Amino acid sequence: EELEDVIDEYDEDESGQLEFNEFVQLASNYVEPEEDYDALRKELREVFMMYDKEAKGFIPVDSFKQILRELDGAVPEEELDDIVDEIDADGSGTVDFEEFMEVMTDRDPNKES
């Protein structure tokens with residue numbers, strides 16, 4: 001009964017099952033966010049630097065889209081465009097590290113958690 005209550009609480013699409021993103025929401029309640037966030041930030045900084053070869057502090061949106069494709073080849077191009085449009089709101093054609101972090105962690109670094 002408790003398990004059914006938990007599934008009901010996190011089952012956003014009411015499928016009766018927890019899909020991966022729903023499970024992540026549930027599991028995030030049991031993770032120490034700052035420790036994991038700091039380690040993740042370090043790892044993502046290394047990934048970002050691989051694409052920011054000239055150390056300009058940003059990468060072109062095409063490089064960013066390539067990273068997303070490598071992470072999940074099943075993401076439709078239209079969805080990639082939507083992600084880029086959201087993160088590159090100023091239309092600069094680039095993504096800086098904080099914007100990269102925001103997308104990769106689904107967390108705005110300028111907001112308190």
# chains A, B, ... in the order shown; residues from 1 in each chain; ligands from 1
>>> residues_around(residues="Val95 in chain A", least_positions_apart="2", cutoff="12 Å", atoms="only C-alpha atoms", output="compact mmCIF listing (two decimals) with N, CA, C and O atoms, in the first residue's frame")
# COMPACT_ATOMS: atom_id res chain seq x y z
N PHE A 48 32.94 20.08 -20.56
CA PHE A 48 32.81 21.39 -21.20
C PHE A 48 34.15 21.83 -21.79
O PHE A 48 34.22 22.31 -22.92
N TYR A 51 35.21 20.59 -25.18
CA TYR A 51 34.57 21.24 -26.33
C TYR A 51 34.98 22.71 -26.44
O TYR A 51 34.88 23.30 -27.50
N ASP A 52 35.42 23.29 -25.33
CA ASP A 52 35.90 24.68 -25.33
C ASP A 52 37.42 24.65 -25.45
O ASP A 52 38.16 25.08 -24.58
N LYS A 56 37.64 29.78 -24.30
CA LYS A 56 36.95 31.07 -24.43
C LYS A 56 35.86 31.25 -23.38
O LYS A 56 35.34 32.33 -23.21
N GLY A 57 35.50 30.16 -22.71
CA GLY A 57 34.45 30.25 -21.70
C GLY A 57 33.07 29.96 -22.26
O GLY A 57 32.08 30.07 -21.56
N PHE A 58 33.00 29.56 -23.52
CA PHE A 58 31.73 29.21 -24.13
C PHE A 58 31.98 28.22 -25.26
O PHE A 58 33.10 28.07 -25.72
N ILE A 59 30.90 27.54 -25.64
CA ILE A 59 30.97 26.64 -26.79
C ILE A 59 29.84 27.02 -27.74
O ILE A 59 28.79 27.51 -27.32
N PRO A 60 30.04 26.78 -29.04
CA PRO A 60 28.97 27.05 -30.00
C PRO A 60 27.78 26.12 -29.74
O PRO A 60 27.97 24.98 -29.28
N VAL A 61 26.58 26.58 -30.05
CA VAL A 61 25.41 25.75 -29.82
C VAL A 61 25.48 24.44 -30.61
O VAL A 61 24.96 23.42 -30.15
N ASP A 62 26.14 24.42 -31.76
CA ASP A 62 26.28 23.18 -32.52
C ASP A 62 27.07 22.14 -31.72
O ASP A 62 26.74 20.96 -31.73
N SER A 63 28.12 22.58 -31.02
CA SER A 63 28.89 21.66 -30.17
C SER A 63 28.04 21.17 -29.01
O SER A 63 28.08 19.99 -28.64
N PHE A 64 27.25 22.07 -28.45
CA PHE A 64 26.36 21.70 -27.36
C PHE A 64 25.35 20.65 -27.81
O PHE A 64 25.10 19.66 -27.12
N LYS A 65 24.78 20.86 -28.99
CA LYS A 65 23.82 19.88 -29.53
C LYS A 65 24.50 18.53 -29.74
O LYS A 65 23.89 17.49 -29.50
N ILE A 67 26.93 17.29 -27.95
CA ILE A 67 27.05 16.67 -26.63
C ILE A 67 25.72 15.99 -26.27
O ILE A 67 25.70 14.85 -25.82
N ILE A 83 15.70 22.91 -26.71
CA ILE A 83 16.63 23.04 -25.59
C ILE A 83 17.59 24.19 -25.84
O ILE A 83 17.84 25.03 -24.98
N VAL A 84 18.13 24.23 -27.06
CA VAL A 84 19.08 25.29 -27.42
C VAL A 84 18.40 26.65 -27.37
O VAL A 84 18.96 27.62 -26.85
N ASP A 85 17.19 26.74 -27.91
CA ASP A 85 16.46 28.01 -27.89
C ASP A 85 16.23 28.50 -26.46
O ASP A 85 16.34 29.70 -26.18
N GLU A 86 15.94 27.57 -25.57
CA GLU A 86 15.70 27.93 -24.17
C GLU A 86 16.98 28.42 -23.50
O GLU A 86 16.98 29.43 -22.81
N ILE A 87 18.07 27.70 -23.72
CA ILE A 87 19.31 28.04 -23.03
C ILE A 87 20.01 29.24 -23.67
O ILE A 87 20.68 30.01 -23.02
N ASP A 88 19.83 29.41 -24.98
CA ASP A 88 20.46 30.52 -25.70
C ASP A 88 19.41 31.61 -25.96
O ASP A 88 19.21 32.05 -27.08
N ALA A 89 18.78 32.05 -24.88
CA ALA A 89 17.69 33.03 -24.99
C ALA A 89 18.14 34.34 -25.61
O ALA A 89 17.36 35.02 -26.27
N ASP A 90 19.42 34.69 -25.43
CA ASP A 90 19.91 35.95 -25.99
C ASP A 90 20.31 35.83 -27.46
O ASP A 90 20.69 36.81 -28.09
N GLY A 91 20.24 34.61 -28.00
CA GLY A 91 20.53 34.41 -29.42
C GLY A 91 22.00 34.56 -29.78
O GLY A 91 22.33 34.76 -30.95
N SER A 92 22.89 34.40 -28.81
CA SER A 92 24.33 34.59 -29.05
C SER A 92 24.93 33.47 -29.89
O SER A 92 26.01 33.63 -30.45
N GLY A 93 24.25 32.32 -29.93
CA GLY A 93 24.80 31.19 -30.67
C GLY A 93 25.84 30.42 -29.87
O GLY A 93 26.52 29.56 -30.40
N PHE A 97 29.51 28.01 -19.48
CA PHE A 97 29.52 26.87 -18.56
C PHE A 97 28.31 26.85 -17.64
O PHE A 97 27.73 25.80 -17.40
N GLU A 98 27.90 28.00 -17.12
CA GLU A 98 26.75 28.02 -16.21
C GLU A 98 25.47 27.61 -16.93
O GLU A 98 24.64 26.90 -16.37
N GLU A 99 25.31 28.04 -18.17
CA GLU A 99 24.15 27.60 -18.96
C GLU A 99 24.22 26.09 -19.20
O GLU A 99 23.22 25.38 -19.11
N PHE A 100 25.41 25.61 -19.51
CA PHE A 100 25.65 24.19 -19.71
C PHE A 100 25.26 23.40 -18.46
O PHE A 100 24.55 22.40 -18.52
N MET A 101 25.71 23.89 -17.29
CA MET A 101 25.38 23.24 -16.02
C MET A 101 23.88 23.21 -15.79
O MET A 101 23.32 22.20 -15.34
N GLU A 102 23.23 24.32 -16.09
CA GLU A 102 21.79 24.40 -15.87
C GLU A 102 21.04 23.33 -16.66
O GLU A 102 20.16 22.67 -16.13
N VAL A 103 21.42 23.15 -17.91
CA VAL A 103 20.75 22.15 -18.73
C VAL A 103 21.12 20.73 -18.28
O VAL A 103 20.25 19.87 -18.15
N MET A 104 22.39 20.51 -18.03
CA MET A 104 22.85 19.16 -17.71
C MET A 104 22.39 18.69 -16.34
O MET A 104 22.27 17.50 -16.11
>>> select_by_dssp(residues="chain A", states="strand (DSSP E or B)", output="list in words")
Phe58, Ile59, Pro60, Thr94, Val95 and Asp96 of chain A
>>> write_last_selection(atoms="all heavy atoms", output="mmCIF file, in the first residue's frame")
data_model
loop_
_atom_site.group_PDB
_atom_site.id
_atom_site.type_symbol
_atom_site.label_atom_id
_atom_site.label_comp_id
_atom_site.auth_asym_id
_atom_site.auth_seq_id
_atom_site.Cartn_x
_atom_site.Cartn_y
_atom_site.Cartn_z
ATOM 1 N N PHE A 58 33.004 29.565 -23.516
ATOM 2 C CA PHE A 58 31.726 29.208 -24.131
ATOM 3 C C PHE A 58 31.978 28.220 -25.257
ATOM 4 O O PHE A 58 33.104 28.069 -25.725
ATOM 5 C CB PHE A 58 30.991 30.447 -24.657
ATOM 6 C CG PHE A 58 31.768 31.212 -25.701
ATOM 7 C CD1 PHE A 58 31.731 30.843 -27.035
ATOM 8 C CD2 PHE A 58 32.535 32.311 -25.342
ATOM 9 C CE1 PHE A 58 32.453 31.533 -27.994
ATOM 10 C CE2 PHE A 58 33.250 33.020 -26.295
ATOM 11 C CZ PHE A 58 33.209 32.627 -27.631
ATOM 12 N N ILE A 59 30.898 27.535 -25.636
ATOM 13 C CA ILE A 59 30.965 26.643 -26.786
ATOM 14 C C ILE A 59 29.839 27.017 -27.745
ATOM 15 O O ILE A 59 28.791 27.512 -27.322
ATOM 16 C CB ILE A 59 30.850 25.156 -26.378
ATOM 17 C CG1 ILE A 59 29.557 24.875 -25.617
ATOM 18 C CG2 ILE A 59 32.062 24.731 -25.572
ATOM 19 C CD1 ILE A 59 29.338 23.415 -25.282
ATOM 20 N N PRO A 60 30.039 26.779 -29.044
ATOM 21 C CA PRO A 60 28.968 27.051 -29.999
ATOM 22 C C PRO A 60 27.783 26.116 -29.745
ATOM 23 O O PRO A 60 27.971 24.981 -29.284
ATOM 24 C CB PRO A 60 29.610 26.750 -31.360
ATOM 25 C CG PRO A 60 31.070 26.687 -31.119
ATOM 26 C CD PRO A 60 31.265 26.326 -29.674
ATOM 27 N N THR A 94 25.951 30.767 -28.566
ATOM 28 C CA THR A 94 26.920 30.102 -27.698
ATOM 29 C C THR A 94 26.274 29.686 -26.378
ATOM 30 O O THR A 94 25.216 30.196 -26.004
ATOM 31 C CB THR A 94 28.121 31.022 -27.383
ATOM 32 O OG1 THR A 94 27.653 32.174 -26.685
ATOM 33 C CG2 THR A 94 28.858 31.431 -28.652
ATOM 34 N N VAL A 95 26.947 28.774 -25.689
ATOM 35 C CA VAL A 95 26.520 28.307 -24.377
ATOM 36 C C VAL A 95 27.721 28.423 -23.448
ATOM 37 O O VAL A 95 28.782 27.860 -23.733
ATOM 38 C CB VAL A 95 26.052 26.832 -24.447
ATOM 39 C CG1 VAL A 95 25.707 26.295 -23.074
ATOM 40 C CG2 VAL A 95 24.873 26.685 -25.402
ATOM 41 N N ASP A 96 27.571 29.189 -22.343
ATOM 42 C CA ASP A 96 28.670 29.259 -21.382
ATOM 43 C C ASP A 96 28.526 28.130 -20.360
ATOM 44 O O ASP A 96 27.556 27.383 -20.376
ATOM 45 C CB ASP A 96 28.772 30.632 -20.728
ATOM 46 C CG ASP A 96 27.614 30.971 -19.811
ATOM 47 O OD1 ASP A 96 26.975 30.060 -19.247
ATOM 48 O OD2 ASP A 96 27.336 32.171 -19.627
#
>>> select_by_dssp(residues="range 7-113 of chain A", states="helix (DSSP H, G or I)", output="ChimeraX atom specification")
/A:7-10,20-30,33-51,61-71,77-87,97-105
>>> atom_distance(atom1="CA of Val24 in chain A", atom2="CA of Asp11 in chain A")
11.4 Å
>>> residues_around(residues="range 26-28 of chain A", least_positions_apart="5", cutoff="12 Å", atoms="only C-alpha atoms", output="ChimeraX atom specification")
/A:3,6-12,18-21,33-34,36-37,105
>>> write_last_selection(atoms="N, CA, C and O atoms", output="compact mmCIF listing (two decimals), in the first residue's frame")
# COMPACT_ATOMS: atom_id res chain seq x y z
N LEU A 3 3.90 1.52 -1.14
CA LEU A 3 4.54 1.58 -2.45
C LEU A 3 3.57 2.16 -3.49
O LEU A 3 3.96 3.02 -4.30
N VAL A 6 3.46 5.89 -3.06
CA VAL A 6 4.64 6.54 -3.60
C VAL A 6 4.54 6.62 -5.12
O VAL A 6 4.80 7.66 -5.73
N ILE A 7 4.16 5.53 -5.75
CA ILE A 7 4.02 5.51 -7.21
C ILE A 7 2.99 6.55 -7.63
O ILE A 7 3.22 7.32 -8.57
N ASP A 8 1.87 6.59 -6.95
CA ASP A 8 0.82 7.58 -7.29
C ASP A 8 1.35 9.00 -7.17
O ASP A 8 1.03 9.86 -7.98
N GLU A 9 2.17 9.25 -6.16
CA GLU A 9 2.70 10.60 -5.94
C GLU A 9 3.65 11.04 -7.06
O GLU A 9 3.64 12.20 -7.46
N TYR A 10 4.46 10.12 -7.57
CA TYR A 10 5.48 10.48 -8.57
C TYR A 10 5.12 10.10 -10.00
O TYR A 10 5.82 10.47 -10.93
N ASP A 11 4.03 9.39 -10.20
CA ASP A 11 3.62 8.93 -11.52
C ASP A 11 2.86 10.04 -12.24
O ASP A 11 1.64 10.07 -12.30
N GLU A 12 3.62 10.98 -12.83
CA GLU A 12 3.03 12.17 -13.44
C GLU A 12 2.09 11.86 -14.60
O GLU A 12 1.10 12.54 -14.80
N LEU A 18 6.61 3.91 -12.82
CA LEU A 18 7.52 5.04 -12.76
C LEU A 18 8.47 4.96 -13.94
O LEU A 18 9.26 4.01 -14.03
N GLU A 19 8.40 5.93 -14.84
CA GLU A 19 9.37 6.03 -15.91
C GLU A 19 10.65 6.62 -15.32
O GLU A 19 10.68 7.07 -14.19
N PHE A 20 11.71 6.62 -16.12
CA PHE A 20 13.02 7.02 -15.59
C PHE A 20 13.00 8.40 -14.96
O PHE A 20 13.47 8.59 -13.85
N ASN A 21 12.44 9.41 -15.67
CA ASN A 21 12.44 10.77 -15.12
C ASN A 21 11.64 10.85 -13.82
O ASN A 21 12.00 11.61 -12.92
N PRO A 33 22.45 16.38 -2.02
CA PRO A 33 22.61 17.16 -3.24
C PRO A 33 23.93 17.91 -3.36
O PRO A 33 24.51 17.92 -4.43
N GLU A 34 24.43 18.53 -2.32
CA GLU A 34 25.62 19.36 -2.47
C GLU A 34 26.86 18.53 -2.78
O GLU A 34 27.65 18.89 -3.63
N ASP A 36 27.03 15.54 -4.20
CA ASP A 36 26.91 15.02 -5.55
C ASP A 36 26.99 16.15 -6.57
O ASP A 36 27.56 15.97 -7.64
N TYR A 37 26.40 17.27 -6.26
CA TYR A 37 26.41 18.40 -7.19
C TYR A 37 27.84 18.89 -7.43
O TYR A 37 28.23 19.16 -8.56
N THR A 105 22.13 19.61 -15.43
CA THR A 105 21.71 19.22 -14.08
C THR A 105 20.26 19.58 -13.80
O THR A 105 19.75 19.26 -12.73
>>> decode(residues="range 38-58 of chain A", atoms="N, CA and C atoms", output="PDB file, in the first residue's frame")
ATOM      1  N   ASP A  38      28.637  18.977  -6.376  1.00  0.00           N
ATOM      2  CA  ASP A  38      30.017  19.432  -6.517  1.00  0.00           C
ATOM      3  C   ASP A  38      30.824  18.479  -7.393  1.00  0.00           C
ATOM      4  N   ALA A  39      30.647  17.182  -7.177  1.00  0.00           N
ATOM      5  CA  ALA A  39      31.364  16.190  -7.983  1.00  0.00           C
ATOM      6  C   ALA A  39      30.889  16.255  -9.435  1.00  0.00           C
ATOM      7  N   LEU A  40      29.585  16.384  -9.613  1.00  0.00           N
ATOM      8  CA  LEU A  40      29.030  16.473 -10.964  1.00  0.00           C
ATOM      9  C   LEU A  40      29.520  17.733 -11.661  1.00  0.00           C
ATOM     10  N   ARG A  41      29.566  18.832 -10.943  1.00  0.00           N
ATOM     11  CA  ARG A  41      30.045  20.092 -11.525  1.00  0.00           C
ATOM     12  C   ARG A  41      31.485  19.938 -12.032  1.00  0.00           C
ATOM     13  N   LYS A  42      32.319  19.265 -11.248  1.00  0.00           N
ATOM     14  CA  LYS A  42      33.705  19.056 -11.651  1.00  0.00           C
ATOM     15  C   LYS A  42      33.778  18.210 -12.923  1.00  0.00           C
ATOM     16  N   GLU A  43      33.003  17.133 -12.959  1.00  0.00           N
ATOM     17  CA  GLU A  43      32.991  16.261 -14.136  1.00  0.00           C
ATOM     18  C   GLU A  43      32.480  17.002 -15.366  1.00  0.00           C
ATOM     19  N   LEU A  44      31.418  17.768 -15.189  1.00  0.00           N
ATOM     20  CA  LEU A  44      30.857  18.496 -16.323  1.00  0.00           C
ATOM     21  C   LEU A  44      31.786  19.613 -16.784  1.00  0.00           C
ATOM     22  N   ARG A  45      32.544  20.188 -15.869  1.00  0.00           N
ATOM     23  CA  ARG A  45      33.541  21.200 -16.254  1.00  0.00           C
ATOM     24  C   ARG A  45      34.564  20.565 -17.199  1.00  0.00           C
ATOM     25  N   GLU A  46      34.988  19.335 -16.883  1.00  0.00           N
ATOM     26  CA  GLU A  46      35.948  18.633 -17.739  1.00  0.00           C
ATOM     27  C   GLU A  46      35.355  18.363 -19.125  1.00  0.00           C
ATOM     28  N   VAL A  47      34.098  17.950 -19.163  1.00  0.00           N
ATOM     29  CA  VAL A  47      33.435  17.718 -20.452  1.00  0.00           C
ATOM     30  C   VAL A  47      33.355  19.027 -21.232  1.00  0.00           C
ATOM     31  N   PHE A  48      32.937  20.082 -20.559  1.00  0.00           N
ATOM     32  CA  PHE A  48      32.810  21.392 -21.205  1.00  0.00           C
ATOM     33  C   PHE A  48      34.148  21.830 -21.787  1.00  0.00           C
ATOM     34  N   MET A  49      35.218  21.638 -21.031  1.00  0.00           N
ATOM     35  CA  MET A  49      36.533  22.070 -21.485  1.00  0.00           C
ATOM     36  C   MET A  49      37.015  21.288 -22.712  1.00  0.00           C
ATOM     37  N   MET A  50      36.549  20.054 -22.864  1.00  0.00           N
ATOM     38  CA  MET A  50      36.912  19.281 -24.053  1.00  0.00           C
ATOM     39  C   MET A  50      36.346  19.943 -25.311  1.00  0.00           C
ATOM     40  N   TYR A  51      35.205  20.586 -25.182  1.00  0.00           N
ATOM     41  CA  TYR A  51      34.573  21.243 -26.327  1.00  0.00           C
ATOM     42  C   TYR A  51      34.979  22.709 -26.443  1.00  0.00           C
ATOM     43  N   ASP A  52      35.418  23.291 -25.333  1.00  0.00           N
ATOM     44  CA  ASP A  52      35.900  24.681 -25.326  1.00  0.00           C
ATOM     45  C   ASP A  52      37.423  24.651 -25.449  1.00  0.00           C
ATOM     46  N   LYS A  53      37.885  24.141 -26.589  1.00  0.00           N
ATOM     47  CA  LYS A  53      39.315  23.890 -26.803  1.00  0.00           C
ATOM     48  C   LYS A  53      40.171  25.155 -26.706  1.00  0.00           C
ATOM     49  N   GLU A  54      39.600  26.296 -27.051  1.00  0.00           N
ATOM     50  CA  GLU A  54      40.361  27.549 -27.014  1.00  0.00           C
ATOM     51  C   GLU A  54      40.181  28.306 -25.700  1.00  0.00           C
ATOM     52  N   ALA A  55      39.516  27.685 -24.736  1.00  0.00           N
ATOM     53  CA  ALA A  55      39.294  28.259 -23.398  1.00  0.00           C
ATOM     54  C   ALA A  55      38.673  29.648 -23.463  1.00  0.00           C
ATOM     55  N   LYS A  56      37.639  29.782 -24.304  1.00  0.00           N
ATOM     56  CA  LYS A  56      36.949  31.067 -24.433  1.00  0.00           C
ATOM     57  C   LYS A  56      35.858  31.246 -23.378  1.00  0.00           C
ATOM     58  N   GLY A  57      35.503  30.156 -22.710  1.00  0.00           N
ATOM     59  CA  GLY A  57      34.449  30.245 -21.701  1.00  0.00           C
ATOM     60  C   GLY A  57      33.069  29.962 -22.260  1.00  0.00           C
ATOM     61  N   PHE A  58      33.004  29.565 -23.516  1.00  0.00           N
ATOM     62  CA  PHE A  58      31.726  29.208 -24.131  1.00  0.00           C
ATOM     63  C   PHE A  58      31.978  28.220 -25.257  1.00  0.00           C
TER      64      PHE A  58
END
